[in-house]
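Visitor: This is the structure I have questions about; it appears just below.
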Amino acid sequence: MAGSGKVHMRNTGNTVLSVEDLVVEFALSKKTAVQAVSGISFDLIQGETLSIVGESGCGKSTLGKAILSLLPVTSGSVMFAGSDMTKIDKEAVRNLRPQMQMIFQDPISSLDPRYTIRQLVSEPLEIWSRGSAEEQSVKVDELLNSVGIDPTIAGDRKAYEFSGGQCQRISIARSLALEPKLLICDEPVSALDVSIQAQILNLLQDMKERYGLTMVFISHDLSVVKAVSTRILVMYLGKVCEIATPDSLYDSPKHHYTHALVNSVPIPDPSKKVARVILEGEPPSPVDPPSGCRFRTRCPAATELCATEEPQLRDMGSGNYVACHHPRG
């Protein structure tokens, strides 16, 4: 499915992150490897929120961790702050880390249960010697208050004493302690109740505006990302199938996989009849993906061309780029 190509890349002077031809492999044996990320390219302009969506196992979280060099990259480049994260040494990567932070999927297990909330949020400040002890204490209070946690009540308690939504607020406060330029959110609301999801999404939007953040938002739920995204990148089996603005993607998806994803979003109106798009078959194995287009085994529009030639991303207008030989009209 999806394919390769860089027609969607923009040459601007305010690019925060540029990822080109990124490949991440995991060896299963001496002769077998899984390409979790297969030649992904995208860029991120200052102030944008790029949402990366797709079903479980498509490589979204692997891509996010590879950007931060939390996983080894097989090939490709990740340009951030004038440096290629895949080429520089570990010390240089470490020195860039304060500028790029991550919010992890599980809000509870990502917080050390031995630390108090104040210790969790102040730890980055202490490691990087940001200010005196008094200044760090003031900063921690400011961060906790900004995410709706009262430091006088919560500061000396442990993470396991809080709900999932509260732990995610604490994780957000911790991620902002060093005032990063780039924030990667790895399914930050998937483990939360729907009512709490809305609160966390609104909080992330507020923090983005307050701290001038550029964000990568990873999710498997298209209904979650519509309101927070500047652009949306759709992945399937390690590849990009479509990149578009939220309005273009929701109103007129060009890729058949994207169409199925959009169609699966529940509509809160029981009287409205919707013709459901059902994808036949199971996702193919990433160990032995189909030739040509990786989505062709489940695509209603697949032809012989799809089996022999990998589609390249092409401009469909209105900020929409699709990797499909037979895009939807």
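We name chains A, B, ... following the order of the structure tokens; residues begin at 1 in each chain, and ligands are numbered from 1 as shown.
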Could you list, as a list in words, every residue within 9 Å of Ile117 in chain A, counting only C-alpha atoms and ignoring same-chain residues fewer than 6 positions away?

Guide: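 After dropping sequence-adjacent residues, the list is Leu111, Pro151, Ala154, Gly155, Asp156, Arg157, Lys158, Ala159 and Ile170 of chain A.
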
Visitor: Please produce an output containing N, CA and C atoms for each residue in the selection, written as a PDB file, in the first residue's frame.

Guide:
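And here is the file that came out, selection22.pdb:
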ATOM      1  N   LEU A 111       5.090   6.620  34.815  1.00  0.00           N
ATOM      2  CA  LEU A 111       5.512   7.405  35.984  1.00  0.00           C
ATOM      3  C   LEU A 111       6.080   6.462  37.044  1.00  0.00           C
ATOM      4  N   PRO A 151      -0.499  21.673  43.303  1.00  0.00           N
ATOM      5  CA  PRO A 151       0.754  21.152  43.871  1.00  0.00           C
ATOM      6  C   PRO A 151       0.739  21.056  45.388  1.00  0.00           C
ATOM      7  N   ALA A 154      -1.284  17.658  45.738  1.00  0.00           N
ATOM      8  CA  ALA A 154      -0.777  16.476  45.030  1.00  0.00           C
ATOM      9  C   ALA A 154       0.736  16.315  45.101  1.00  0.00           C
ATOM     10  N   GLY A 155       1.459  17.374  45.425  1.00  0.00           N
ATOM     11  CA  GLY A 155       2.915  17.372  45.306  1.00  0.00           C
ATOM     12  C   GLY A 155       3.628  16.254  46.026  1.00  0.00           C
ATOM     13  N   ASP A 156       3.148  15.878  47.210  1.00  0.00           N
ATOM     14  CA  ASP A 156       3.836  14.870  48.017  1.00  0.00           C
ATOM     15  C   ASP A 156       3.203  13.479  47.925  1.00  0.00           C
ATOM     16  N   ARG A 157       2.277  13.300  46.986  1.00  0.00           N
ATOM     17  CA  ARG A 157       1.651  11.997  46.796  1.00  0.00           C
ATOM     18  C   ARG A 157       2.337  11.243  45.652  1.00  0.00           C
ATOM     19  N   LYS A 158       2.090   9.927  45.572  1.00  0.00           N
ATOM     20  CA  LYS A 158       2.692   9.080  44.545  1.00  0.00           C
ATOM     21  C   LYS A 158       1.727   8.904  43.371  1.00  0.00           C
ATOM     22  N   ALA A 159       2.285   8.521  42.229  1.00  0.00           N
ATOM     23  CA  ALA A 159       1.491   8.430  41.007  1.00  0.00           C
ATOM     24  C   ALA A 159       0.352   7.423  41.120  1.00  0.00           C
ATOM     25  N   ILE A 170      -0.091  14.864  34.733  1.00  0.00           N
ATOM     26  CA  ILE A 170       1.241  14.939  35.349  1.00  0.00           C
ATOM     27  C   ILE A 170       2.317  14.648  34.307  1.00  0.00           C
TER      28      ILE A 170
END

Visitor: Contacts of Gly64 in chain A at 8 Å or less, counting only C-alpha atoms, minus same-chain residues fewer than 2 places along, as number ranges by chain?

Guide: A: 60-62, 66-68, 184, 186, 216, 218

Visitor: Those selected residues, please, written with C-alpha atoms and delivered as an mmCIF file, in the first residue's frame.

Guide:
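Written file, selection-v3.cif:
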data_model
loop_
_atom_site.group_PDB
_atom_site.id
_atom_site.type_symbol
_atom_site.label_atom_id
_atom_site.label_comp_id
_atom_site.auth_asym_id
_atom_site.auth_seq_id
_atom_site.Cartn_x
_atom_site.Cartn_y
_atom_site.Cartn_z
ATOM 1 C CA LYS A 60 3.044 4.514 14.380
ATOM 2 C CA SER A 61 4.656 4.187 17.818
ATOM 3 C CA THR A 62 7.854 2.769 16.312
ATOM 4 C CA ALA A 66 12.690 6.326 16.147
ATOM 5 C CA ILE A 67 12.372 10.093 15.676
ATOM 6 C CA LEU A 68 13.633 10.564 19.241
ATOM 7 C CA ILE A 184 5.540 13.665 20.448
ATOM 8 C CA ASP A 186 2.041 8.521 21.580
ATOM 9 C CA VAL A 216 3.350 14.902 16.507
ATOM 10 C CA ILE A 218 -0.053 9.454 17.257
#

Visitor: Taking only C-alpha atoms into account, name the residue in A:Ala323, A:Leu204, A:Val224, A:Ile45 that is nearest to Thr258 in chain A.

Guide: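 Nearest to Thr258 in chain A: A:Ala323.
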
Visitor: Which polymer residues have any atom within 10 Å of an atom of Ser56 in chain A, counting only C-alpha atoms, with same-chain residues fewer than 5 positions away left out, as a list in words?

Guide: Ser61, Ser219, His220, Tyr236 and Leu237 of chain A

Visitor: Measuring between only C-alpha atoms, which one of A:Ser252, A:Ser171, A:Asp269, A:Val147 shows the shortest distance to Ser110 in chain A?

Guide: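 Checking each candidate against Ser110 in chain A, we get A:Ser171 as the closest.
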
Visitor: Which residues of range 189-242 of chain A come within 12 Å of range 282-296 of chain A, and for each one, what is the closest pair of atoms and their distance in Å to one decimal, counting only C-alpha atoms, sorted by chain and residue number, as a Markdown table?

Guide:
| residue | atom | partner | partner_atom | distance |
| --- | --- | --- | --- | --- |
| A:Met235 | CA | A:Phe295 | CA | 10.6 |
| A:Tyr236 | CA | A:Phe295 | CA | 7.5 |
| A:Leu237 | CA | A:Pro286 | CA | 6.6 |
| A:Gly238 | CA | A:Pro286 | CA | 8.1 |
| A:Lys239 | CA | A:Arg294 | CA | 8.2 |
| A:Val240 | CA | A:Arg294 | CA | 10.3 |
| A:Cys241 | CA | A:Phe295 | CA | 9.0 |

Visitor: So how many Å separate CA of Leu305 in chain A and CA of Ser318 in chain A, to one decimal?

Guide: 26.4 Å

Visitor: Would you give me, as a PyMOL selection string, the residues in range 53-277 of chain A that DSSP reads as alpha helix (DSSP H)?

Guide: chain A and resi 60-67+90-96+117-127+133-146+151-154+164-175+194-211+222-225+246-251+256-263

Visitor: Using only C-alpha atoms for the distances, tell me which of A:Tyr321, A:Phe217, A:Tyr115, A:Tyr250 is nearest to Ser190 in chain A.

Guide: A:Phe217

Visitor: Taking into account only C-alpha atoms, which residue in the set A:Lys87, A:Lys181, A:Arg314, A:Arg298 is nearest to Val16 in chain A?

Guide: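 Counting only C-alpha atoms, the residue closest to Val16 in chain A is A:Lys181.
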
Visitor: If we count only C-alpha atoms and set the cut-off at 10 Å, which residues sit around Thr15 in chain A, ignoring sequence neighbours fewer than 2 positions away in its own chain? Please answer as number ranges by chain.

Guide: A: 10-13, 17-18, 43-48, 79-82

Visitor: Store the residues of this selection in a file with N, CA and C atoms, as a PDB file, in the first residue's frame.

Guide:
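Result file is out-v8.pdb:
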ATOM      1  N   ARG A  10       7.804  20.051   2.076  1.00  0.00           N
ATOM      2  CA  ARG A  10       7.767  21.492   1.822  1.00  0.00           C
ATOM      3  C   ARG A  10       9.118  22.122   2.140  1.00  0.00           C
ATOM      4  N   ASN A  11       9.575  22.990   1.282  1.00  0.00           N
ATOM      5  CA  ASN A  11      10.856  23.674   1.495  1.00  0.00           C
ATOM      6  C   ASN A  11      10.587  25.053   2.094  1.00  0.00           C
ATOM      7  N   THR A  12      10.578  25.096   3.408  1.00  0.00           N
ATOM      8  CA  THR A  12      10.351  26.360   4.102  1.00  0.00           C
ATOM      9  C   THR A  12      11.489  26.620   5.076  1.00  0.00           C
ATOM     10  N   GLY A  13      11.581  27.850   5.530  1.00  0.00           N
ATOM     11  CA  GLY A  13      12.664  28.216   6.436  1.00  0.00           C
ATOM     12  C   GLY A  13      12.362  27.934   7.888  1.00  0.00           C
ATOM     13  N   LEU A  17      11.156  19.703  11.974  1.00  0.00           N
ATOM     14  CA  LEU A  17      11.539  18.300  11.855  1.00  0.00           C
ATOM     15  C   LEU A  17      11.377  17.857  10.406  1.00  0.00           C
ATOM     16  N   SER A  18      12.383  17.154   9.898  1.00  0.00           N
ATOM     17  CA  SER A  18      12.310  16.622   8.536  1.00  0.00           C
ATOM     18  C   SER A  18      12.783  15.168   8.562  1.00  0.00           C
ATOM     19  N   ASP A  43       7.591  16.179   6.811  1.00  0.00           N
ATOM     20  CA  ASP A  43       8.204  17.317   7.493  1.00  0.00           C
ATOM     21  C   ASP A  43       7.184  17.977   8.405  1.00  0.00           C
ATOM     22  N   LEU A  44       7.694  18.793   9.285  1.00  0.00           N
ATOM     23  CA  LEU A  44       6.862  19.421  10.304  1.00  0.00           C
ATOM     24  C   LEU A  44       7.291  20.874  10.444  1.00  0.00           C
ATOM     25  N   ILE A  45       6.361  21.780  10.205  1.00  0.00           N
ATOM     26  CA  ILE A  45       6.643  23.209  10.277  1.00  0.00           C
ATOM     27  C   ILE A  45       6.291  23.721  11.674  1.00  0.00           C
ATOM     28  N   GLN A  46       7.032  24.718  12.118  1.00  0.00           N
ATOM     29  CA  GLN A  46       6.843  25.265  13.463  1.00  0.00           C
ATOM     30  C   GLN A  46       5.380  25.606  13.734  1.00  0.00           C
ATOM     31  N   GLY A  47       4.874  25.126  14.862  1.00  0.00           N
ATOM     32  CA  GLY A  47       3.505  25.415  15.268  1.00  0.00           C
ATOM     33  C   GLY A  47       2.477  24.421  14.761  1.00  0.00           C
ATOM     34  N   GLU A  48       2.894  23.495  13.902  1.00  0.00           N
ATOM     35  CA  GLU A  48       1.969  22.505  13.368  1.00  0.00           C
ATOM     36  C   GLU A  48       1.703  21.379  14.367  1.00  0.00           C
ATOM     37  N   MET A  79      16.157  14.940  10.578  1.00  0.00           N
ATOM     38  CA  MET A  79      16.798  16.249  10.772  1.00  0.00           C
ATOM     39  C   MET A  79      16.027  17.055  11.808  1.00  0.00           C
ATOM     40  N   PHE A  80      16.740  17.455  12.864  1.00  0.00           N
ATOM     41  CA  PHE A  80      16.146  18.272  13.918  1.00  0.00           C
ATOM     42  C   PHE A  80      17.199  19.244  14.424  1.00  0.00           C
ATOM     43  N   ALA A  81      16.853  20.508  14.515  1.00  0.00           N
ATOM     44  CA  ALA A  81      17.773  21.546  15.007  1.00  0.00           C
ATOM     45  C   ALA A  81      19.101  21.538  14.250  1.00  0.00           C
ATOM     46  N   GLY A  82      19.029  21.292  12.942  1.00  0.00           N
ATOM     47  CA  GLY A  82      20.229  21.330  12.117  1.00  0.00           C
ATOM     48  C   GLY A  82      21.101  20.087  12.184  1.00  0.00           C
TER      49      GLY A  82
END

Visitor: As an MDAnalysis selection string, please: the residues near Lys139 in chain A (cut-off 9 Å, only C-alpha atoms, same-chain neighbours under 4 positions excluded).

Guide: chainID A and resid 122 125 134:135 143:144 177

Visitor: May I have the residues within 12 Å of His325 in chain A as a list in words, using only C-alpha atoms and disregarding those fewer than 6 positions away in the same chain?

Guide: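 Final neighbour list, sorted by chain and number: Met1, Ala2, Gly3, Cys241, Lys254, His255, His256, Gly292, Cys293, Phe295, Arg296, Cys299, Ala301, Ala302, Thr303, Glu304, Leu305, Cys306, Ala307, Thr308, Glu309, Glu310, Pro311, Gln312, Leu313 and Arg314 of chain A.
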
Visitor: Write the residues of the preceding selection, restricted to N, CA and C atoms, as a PDB file, in the first residue's frame.

Guide:
ATOM      1  N   MET A   1       0.854  -1.151   0.000  1.00  0.00           N
ATOM      2  CA  MET A   1       0.000   0.000   0.000  1.00  0.00           C
ATOM      3  C   MET A   1       0.866   1.167   0.000  1.00  0.00           C
ATOM      4  N   ALA A   2       0.337   2.012   0.190  1.00  0.00           N
ATOM      5  CA  ALA A   2       1.042   3.226   0.263  1.00  0.00           C
ATOM      6  C   ALA A   2       2.345   3.046  -0.350  1.00  0.00           C
ATOM      7  N   GLY A   3       2.926   4.139  -0.524  1.00  0.00           N
ATOM      8  CA  GLY A   3       4.169   4.037  -1.196  1.00  0.00           C
ATOM      9  C   GLY A   3       5.192   4.974  -0.655  1.00  0.00           C
ATOM     10  N   CYS A 241       0.050   6.066   3.233  1.00  0.00           N
ATOM     11  CA  CYS A 241      -0.897   5.960   2.126  1.00  0.00           C
ATOM     12  C   CYS A 241      -1.525   7.304   1.778  1.00  0.00           C
ATOM     13  N   LYS A 254      -8.994  10.122  -0.375  1.00  0.00           N
ATOM     14  CA  LYS A 254      -8.642   9.628  -1.703  1.00  0.00           C
ATOM     15  C   LYS A 254      -8.189   8.175  -1.701  1.00  0.00           C
ATOM     16  N   HIS A 255      -7.578   7.745  -0.618  1.00  0.00           N
ATOM     17  CA  HIS A 255      -7.111   6.360  -0.547  1.00  0.00           C
ATOM     18  C   HIS A 255      -8.233   5.483  -0.011  1.00  0.00           C
ATOM     19  N   HIS A 256      -8.330   4.273  -0.527  1.00  0.00           N
ATOM     20  CA  HIS A 256      -9.427   3.389  -0.140  1.00  0.00           C
ATOM     21  C   HIS A 256      -9.312   2.950   1.322  1.00  0.00           C
ATOM     22  N   GLY A 292       4.259  -4.749  -4.548  1.00  0.00           N
ATOM     23  CA  GLY A 292       3.562  -3.555  -5.033  1.00  0.00           C
ATOM     24  C   GLY A 292       2.914  -2.791  -3.904  1.00  0.00           C
ATOM     25  N   CYS A 293       1.626  -2.596  -4.018  1.00  0.00           N
ATOM     26  CA  CYS A 293       0.861  -1.890  -2.989  1.00  0.00           C
ATOM     27  C   CYS A 293       0.539  -2.846  -1.850  1.00  0.00           C
ATOM     28  N   PHE A 295      -1.588  -2.632   0.433  1.00  0.00           N
ATOM     29  CA  PHE A 295      -3.011  -2.696   0.781  1.00  0.00           C
ATOM     30  C   PHE A 295      -3.822  -3.480  -0.259  1.00  0.00           C
ATOM     31  N   ARG A 296      -3.205  -3.891  -1.328  1.00  0.00           N
ATOM     32  CA  ARG A 296      -3.953  -4.448  -2.458  1.00  0.00           C
ATOM     33  C   ARG A 296      -4.735  -5.710  -2.098  1.00  0.00           C
ATOM     34  N   CYS A 299      -8.004  -4.324  -0.862  1.00  0.00           N
ATOM     35  CA  CYS A 299      -8.533  -3.137  -1.541  1.00  0.00           C
ATOM     36  C   CYS A 299      -9.584  -3.522  -2.582  1.00  0.00           C
ATOM     37  N   ALA A 301     -10.436  -1.844  -5.129  1.00  0.00           N
ATOM     38  CA  ALA A 301     -10.094  -1.310  -6.445  1.00  0.00           C
ATOM     39  C   ALA A 301      -8.790  -1.877  -6.994  1.00  0.00           C
ATOM     40  N   ALA A 302      -8.246  -2.912  -6.372  1.00  0.00           N
ATOM     41  CA  ALA A 302      -6.940  -3.436  -6.765  1.00  0.00           C
ATOM     42  C   ALA A 302      -6.965  -4.053  -8.164  1.00  0.00           C
ATOM     43  N   THR A 303      -5.876  -3.833  -8.923  1.00  0.00           N
ATOM     44  CA  THR A 303      -5.690  -4.427 -10.242  1.00  0.00           C
ATOM     45  C   THR A 303      -4.306  -5.068 -10.296  1.00  0.00           C
ATOM     46  N   GLU A 304      -3.978  -5.616 -11.464  1.00  0.00           N
ATOM     47  CA  GLU A 304      -2.678  -6.242 -11.649  1.00  0.00           C
ATOM     48  C   GLU A 304      -1.553  -5.237 -11.439  1.00  0.00           C
ATOM     49  N   LEU A 305      -1.786  -3.988 -11.822  1.00  0.00           N
ATOM     50  CA  LEU A 305      -0.777  -2.939 -11.644  1.00  0.00           C
ATOM     51  C   LEU A 305      -0.397  -2.788 -10.177  1.00  0.00           C
ATOM     52  N   CYS A 306      -1.363  -2.932  -9.294  1.00  0.00           N
ATOM     53  CA  CYS A 306      -1.122  -2.773  -7.858  1.00  0.00           C
ATOM     54  C   CYS A 306      -0.186  -3.854  -7.319  1.00  0.00           C
ATOM     55  N   ALA A 307      -0.169  -5.017  -7.992  1.00  0.00           N
ATOM     56  CA  ALA A 307       0.681  -6.117  -7.554  1.00  0.00           C
ATOM     57  C   ALA A 307       2.111  -5.991  -8.062  1.00  0.00           C
ATOM     58  N   THR A 308       2.296  -5.263  -9.138  1.00  0.00           N
ATOM     59  CA  THR A 308       3.615  -5.202  -9.769  1.00  0.00           C
ATOM     60  C   THR A 308       4.369  -3.905  -9.504  1.00  0.00           C
ATOM     61  N   GLU A 309       3.654  -2.851  -9.131  1.00  0.00           N
ATOM     62  CA  GLU A 309       4.307  -1.547  -8.982  1.00  0.00           C
ATOM     63  C   GLU A 309       3.832  -0.849  -7.717  1.00  0.00           C
ATOM     64  N   GLU A 310       4.788  -0.415  -6.913  1.00  0.00           N
ATOM     65  CA  GLU A 310       4.432   0.314  -5.687  1.00  0.00           C
ATOM     66  C   GLU A 310       3.990   1.727  -6.044  1.00  0.00           C
ATOM     67  N   PRO A 311       2.849   2.170  -5.554  1.00  0.00           N
ATOM     68  CA  PRO A 311       2.387   3.532  -5.865  1.00  0.00           C
ATOM     69  C   PRO A 311       3.233   4.587  -5.171  1.00  0.00           C
ATOM     70  N   GLN A 312       3.406   5.700  -5.838  1.00  0.00           N
ATOM     71  CA  GLN A 312       4.142   6.826  -5.278  1.00  0.00           C
ATOM     72  C   GLN A 312       3.163   7.910  -4.842  1.00  0.00           C
ATOM     73  N   LEU A 313       3.525   8.631  -3.809  1.00  0.00           N
ATOM     74  CA  LEU A 313       2.681   9.737  -3.369  1.00  0.00           C
ATOM     75  C   LEU A 313       2.564  10.779  -4.478  1.00  0.00           C
ATOM     76  N   ARG A 314       1.337  11.242  -4.722  1.00  0.00           N
ATOM     77  CA  ARG A 314       1.129  12.273  -5.737  1.00  0.00           C
ATOM     78  C   ARG A 314       0.139  13.310  -5.224  1.00  0.00           C
TER      79      ARG A 314
END
